[in-house]
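Visitor: What follows is a structure written as structure tokens; I'll ask about it next.
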Amino acid sequence: MKIESLFDYLSGNSYPGRGIVTGRTKDGKFAVSAYFIMGRSENSRNRVFVEEGKGIRTQAFDPSKMKDPSLIIYAPVRVITTGDGMQTIVTNGDQTDTVYEGLSKGLTFEQSLRSRTFEPDGPNFTPRISSVLHIASGKFSYEMSILKSDMGDPESSNRYTYSYENPKPGVGRFIHTYLGDGNPLPSFTGEPVAVNLEGMDNAQTLADKIWQSLNSDNKVSLFVRYIEIASGKEETVIINKNK
């Protein structure tokens with residue numbers, strides 16, 4: 001499989017929508033997670049990421065301009081500690097809560113998402129993309145998921161889950177909602193893209209590079225977290241276009 005430059009990939013797409021990057025640093029010491037949101041409408045662009053406990057939540061930058069909070073106000077990141085260690089959930093919607101509740105009850109990541117489908121925003125039917133990072137006893141693995149309509153058919157759902165055990169150092173996987181701009185917006189296809197994380201030794205470096213690569217008109221907010229696999233210690237960076 002070809003390993004892509006994440007930054008070239010992003011800079012070549014004016015509207016990848018919302019995206020999740022998960023992987024491991026080249027030195028093998030850190031689990032990596034990144035999530036960004038973009039927007040074309042005033043309502044979508046009127047958002048910021050704010051910290052909430054060990055996770056984050058989207059919030060209206062100007063509450064007076066918020067027209068419809070559904071699908072755009074949610075907790076993209078939540079963290080749960082169970083007997084299996086620490087699990088960091090990152091998604092593009094309120095299915096973060098679905099996964100959190102499922103894991104709390106002993107369900108797997110895939111089982112937790114069985115109750116969900118793509119977003120009800122026809123004609124786009126935006127895919128729900130999700131990830132979970134598992135860190136326990138000095139070991140790291142992760143899973144990613146995409147729930148999408150079958151070629152735009154709202155009556156048919158396609159479910160894909162990808163599992164990465166002992167992830168390769170210096171490599172991440174990138175999944176996003178749209179192949180590019182359009183009406184309707186074309187959904188992401190294929191398995192998560194392998195991307196190069198070499199040289200991305202800390203959260204700030206990766207955050208700066210991703211932010212610079214996103215379309216300046218459409219980018220809204222970015223979250224990046226590095227988790228030291230041995231200790232669970234976290235470094236988090238949040239960048240908001242609205243300040």
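Ordered as shown in the structure tokens, chains take letters A, B, and onward, while each chain numbers its residues from 1 and ligands are numbered from 1 in the order shown.
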Might you pull out every residue within 12 Å of A:Lys105, with only C-alpha atoms counted and same-chain residues fewer than 6 positions away left off, and present them as a PyMOL selection string?
Guide: chain A and resi 80+82-83+98-99+111-112
Visitor: Going by DSSP on the backbone, which residues of stretch 91-150 of chain A come out as strand (DSSP E)? List them as a list of chain:residue names.
Guide: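 Secondary structure check on stretch 91-150 of chain A, strand (DSSP E): A:Thr91, A:Arg128, A:Ile129, A:Ser130, A:Ser131, A:Val132, A:Leu133, A:His134, A:Ile135, A:Ala136, A:Lys139, A:Phe140, A:Ser141, A:Tyr142, A:Glu143, A:Met144, A:Ser145, A:Ile146, A:Leu147, A:Lys148, A:Ser149, A:Asp150.
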Visitor: Quick one: of A:Asp8, A:Glu110, A:Glu198, A:Asp217, who's nearest to A:Glu42, counting only C-alpha atoms?
Guide: A:Asp217
Visitor: Nearest to A:Pro120: which of A:Phe140, A:Thr96, A:Glu234, A:Ser149 is it, counting only C-alpha atoms?
Guide: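 Closest candidate: A:Ser149.
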Visitor: Write out, as JSON lines, each residue of stretch 117-189 of chain A that has an atom at most 12 Å from stretch 202-215 of chain A, together with the closest pair of atoms and their distance in Å to one decimal, counting only C-alpha atoms, rows going by chain and rising number.
Guide:
```
{"residue": "A:Gly172", "atom": "CA", "partner": "A:Leu206", "partner_atom": "CA", "distance": 11.8}
{"residue": "A:Phe174", "atom": "CA", "partner": "A:Ile210", "partner_atom": "CA", "distance": 12.0}
{"residue": "A:Gly180", "atom": "CA", "partner": "A:Asn215", "partner_atom": "CA", "distance": 11.4}
{"residue": "A:Asp181", "atom": "CA", "partner": "A:Asn215", "partner_atom": "CA", "distance": 11.5}
```
Visitor: Can you pull out the residues contacting stretch 29-37 of chain A? Cut-off 6 Å, using only C-alpha atoms, and skip same-chain residues under 2 positions away; I want them as JSON, numbers by chain.
Guide: {"A": [18, 19, 20, 21, 22, 23, 24, 25, 27, 220, 221, 222, 223, 224, 225, 226, 227, 228, 229]}
Visitor: Could you write out that same residue set with N, CA and C atoms as a PDB file, in the first residue's frame?
Guide:
```
ATOM      1  N   ARG A  18     -15.211  16.552   7.224  1.00  0.00           N
ATOM      2  CA  ARG A  18     -14.665  16.276   8.549  1.00  0.00           C
ATOM      3  C   ARG A  18     -13.720  15.087   8.424  1.00  0.00           C
ATOM      4  N   GLY A  19     -12.629  15.113   9.173  1.00  0.00           N
ATOM      5  CA  GLY A  19     -11.638  14.054   9.002  1.00  0.00           C
ATOM      6  C   GLY A  19     -11.020  13.604  10.306  1.00  0.00           C
ATOM      7  N   ILE A  20     -10.660  12.321  10.355  1.00  0.00           N
ATOM      8  CA  ILE A  20     -10.000  11.723  11.522  1.00  0.00           C
ATOM      9  C   ILE A  20      -8.682  11.097  11.080  1.00  0.00           C
ATOM     10  N   VAL A  21      -7.627  11.409  11.802  1.00  0.00           N
ATOM     11  CA  VAL A  21      -6.315  10.775  11.601  1.00  0.00           C
ATOM     12  C   VAL A  21      -5.973  10.029  12.882  1.00  0.00           C
ATOM     13  N   THR A  22      -5.564   8.773  12.758  1.00  0.00           N
ATOM     14  CA  THR A  22      -5.142   7.972  13.910  1.00  0.00           C
ATOM     15  C   THR A  22      -3.875   7.219  13.541  1.00  0.00           C
ATOM     16  N   GLY A  23      -2.942   7.103  14.470  1.00  0.00           N
ATOM     17  CA  GLY A  23      -1.715   6.384  14.158  1.00  0.00           C
ATOM     18  C   GLY A  23      -0.715   6.418  15.294  1.00  0.00           C
ATOM     19  N   ARG A  24       0.547   6.284  14.934  1.00  0.00           N
ATOM     20  CA  ARG A  24       1.616   6.155  15.922  1.00  0.00           C
ATOM     21  C   ARG A  24       2.838   6.934  15.446  1.00  0.00           C
ATOM     22  N   THR A  25       3.522   7.591  16.350  1.00  0.00           N
ATOM     23  CA  THR A  25       4.710   8.354  15.978  1.00  0.00           C
ATOM     24  C   THR A  25       5.843   7.433  15.548  1.00  0.00           C
ATOM     25  N   ASP A  27       8.866   7.166  16.546  1.00  0.00           N
ATOM     26  CA  ASP A  27       9.626   6.543  17.625  1.00  0.00           C
ATOM     27  C   ASP A  27       8.815   5.489  18.378  1.00  0.00           C
ATOM     28  N   VAL A 220     -12.555  25.106   9.929  1.00  0.00           N
ATOM     29  CA  VAL A 220     -13.259  25.668  11.085  1.00  0.00           C
ATOM     30  C   VAL A 220     -12.494  25.408  12.380  1.00  0.00           C
ATOM     31  N   SER A 221     -12.249  24.136  12.710  1.00  0.00           N
ATOM     32  CA  SER A 221     -11.585  23.803  13.971  1.00  0.00           C
ATOM     33  C   SER A 221     -10.771  22.518  13.820  1.00  0.00           C
ATOM     34  N   LEU A 222      -9.756  22.381  14.690  1.00  0.00           N
ATOM     35  CA  LEU A 222      -8.869  21.217  14.659  1.00  0.00           C
ATOM     36  C   LEU A 222      -8.501  20.807  16.083  1.00  0.00           C
ATOM     37  N   PHE A 223      -8.501  19.499  16.311  1.00  0.00           N
ATOM     38  CA  PHE A 223      -8.069  18.905  17.577  1.00  0.00           C
ATOM     39  C   PHE A 223      -6.959  17.904  17.282  1.00  0.00           C
ATOM     40  N   VAL A 224      -5.870  17.946  18.041  1.00  0.00           N
ATOM     41  CA  VAL A 224      -4.797  16.954  17.929  1.00  0.00           C
ATOM     42  C   VAL A 224      -4.408  16.520  19.337  1.00  0.00           C
ATOM     43  N   ARG A 225      -4.279  15.208  19.532  1.00  0.00           N
ATOM     44  CA  ARG A 225      -3.832  14.694  20.826  1.00  0.00           C
ATOM     45  C   ARG A 225      -2.763  13.622  20.621  1.00  0.00           C
ATOM     46  N   TYR A 226      -1.687  13.730  21.399  1.00  0.00           N
ATOM     47  CA  TYR A 226      -0.653  12.701  21.485  1.00  0.00           C
ATOM     48  C   TYR A 226      -0.761  12.066  22.867  1.00  0.00           C
ATOM     49  N   ILE A 227      -0.796  10.747  22.910  1.00  0.00           N
ATOM     50  CA  ILE A 227      -0.891  10.017  24.170  1.00  0.00           C
ATOM     51  C   ILE A 227       0.345   9.141  24.308  1.00  0.00           C
ATOM     52  N   GLU A 228       1.110   9.350  25.372  1.00  0.00           N
ATOM     53  CA  GLU A 228       2.277   8.509  25.613  1.00  0.00           C
ATOM     54  C   GLU A 228       1.787   7.111  25.986  1.00  0.00           C
ATOM     55  N   ILE A 229       2.152   6.133  25.190  1.00  0.00           N
ATOM     56  CA  ILE A 229       1.609   4.788  25.347  1.00  0.00           C
ATOM     57  C   ILE A 229       2.014   4.159  26.680  1.00  0.00           C
TER      58      ILE A 229
END
```
Visitor: In Å, rounded to a single decimal, give me how far atom CA of A:Lys65 is from atom CA of A:Val48.
Guide: 13.3 Å
Visitor: Within stretch 40-239 of chain A, find each residue whose DSSP state, derived from the backbone, is alpha helix (DSSP H), and express the selection as a list in words.
Guide: Glu42, Asn43, Ser44, Arg45, Gln95, Thr96, Asp97, Thr98, Val99, Tyr100, Glu101, Gly102, Leu103, Ser104, Phe109, Glu110, Gln111, Ser112, Ala203, Gln204, Thr205, Leu206, Ala207, Asp208, Lys209, Ile210, Trp211, Gln212 and Ser213 of chain A
Visitor: Could you save those same residues with C-alpha atoms as a tab-separated table (two decimals), in the first residue's frame?
Guide:
```tsv
chain	number	residue	atom	x	y	z
A	42	GLU	CA	-22.62	30.19	7.96
A	43	ASN	CA	-24.20	27.78	10.44
A	44	SER	CA	-21.43	25.19	10.00
A	45	ARG	CA	-18.69	27.78	10.16
A	95	GLN	CA	-22.26	8.66	17.88
A	96	THR	CA	-19.37	9.49	20.23
A	97	ASP	CA	-21.94	9.08	23.01
A	98	THR	CA	-23.25	5.85	21.45
A	99	VAL	CA	-19.76	4.32	21.45
A	100	TYR	CA	-19.07	5.57	24.98
A	101	GLU	CA	-22.27	3.99	26.30
A	102	GLY	CA	-21.62	0.76	24.41
A	103	LEU	CA	-18.07	0.38	25.70
A	104	SER	CA	-19.33	1.13	29.21
A	109	PHE	CA	-16.65	-0.66	19.12
A	110	GLU	CA	-18.36	-2.31	16.14
A	111	GLN	CA	-21.28	-3.58	18.21
A	112	SER	CA	-21.81	-0.13	19.72
A	203	ALA	CA	1.02	17.46	18.84
A	204	GLN	CA	1.81	21.09	18.02
A	205	THR	CA	3.90	20.19	14.97
A	206	LEU	CA	1.18	17.96	13.53
A	207	ALA	CA	-1.55	20.49	14.33
A	208	ASP	CA	0.31	23.32	12.61
A	209	LYS	CA	0.94	21.22	9.49
A	210	ILE	CA	-2.67	20.01	9.21
A	211	TRP	CA	-4.07	23.50	9.79
A	212	GLN	CA	-1.81	25.00	7.13
A	213	SER	CA	-2.93	22.30	4.67
```
Visitor: Determine the nearest neighbour of A:Asp94 from the options A:Thr117, A:Ser231, A:Ser187, A:Asn13, counting only C-alpha atoms.
Guide: A:Thr117
Visitor: When you count only C-alpha atoms, which of these residues is closest to A:Pro16: A:Leu133, A:Met86, A:Arg40, A:Pro154?
Guide: A:Arg40
Visitor: Could you check which of A:Val193, A:Pro167, A:Glu143, A:Asn124 is closest to A:Thr108, using only C-alpha atoms?
Guide: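 Using only C-alpha atoms, the shortest distance to A:Thr108 belongs to A:Glu143.
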Visitor: Excluding A:Gly190 and residues on its chain fewer than 3 positions from it, collect all residues at most 10 Å away from it, counting only C-alpha atoms, and give them as a list in words.
Guide: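 The residues that qualify are Ile146, Tyr160, Ile175 and Val193 of chain A.
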Visitor: Of the residues A:Gly152, A:Gly28, A:Pro184, A:Gly85, which is the one nearest to A:Gly170, using only C-alpha atoms?
Guide: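 The shortest atom-to-atom distance to A:Gly170 comes from A:Gly28.
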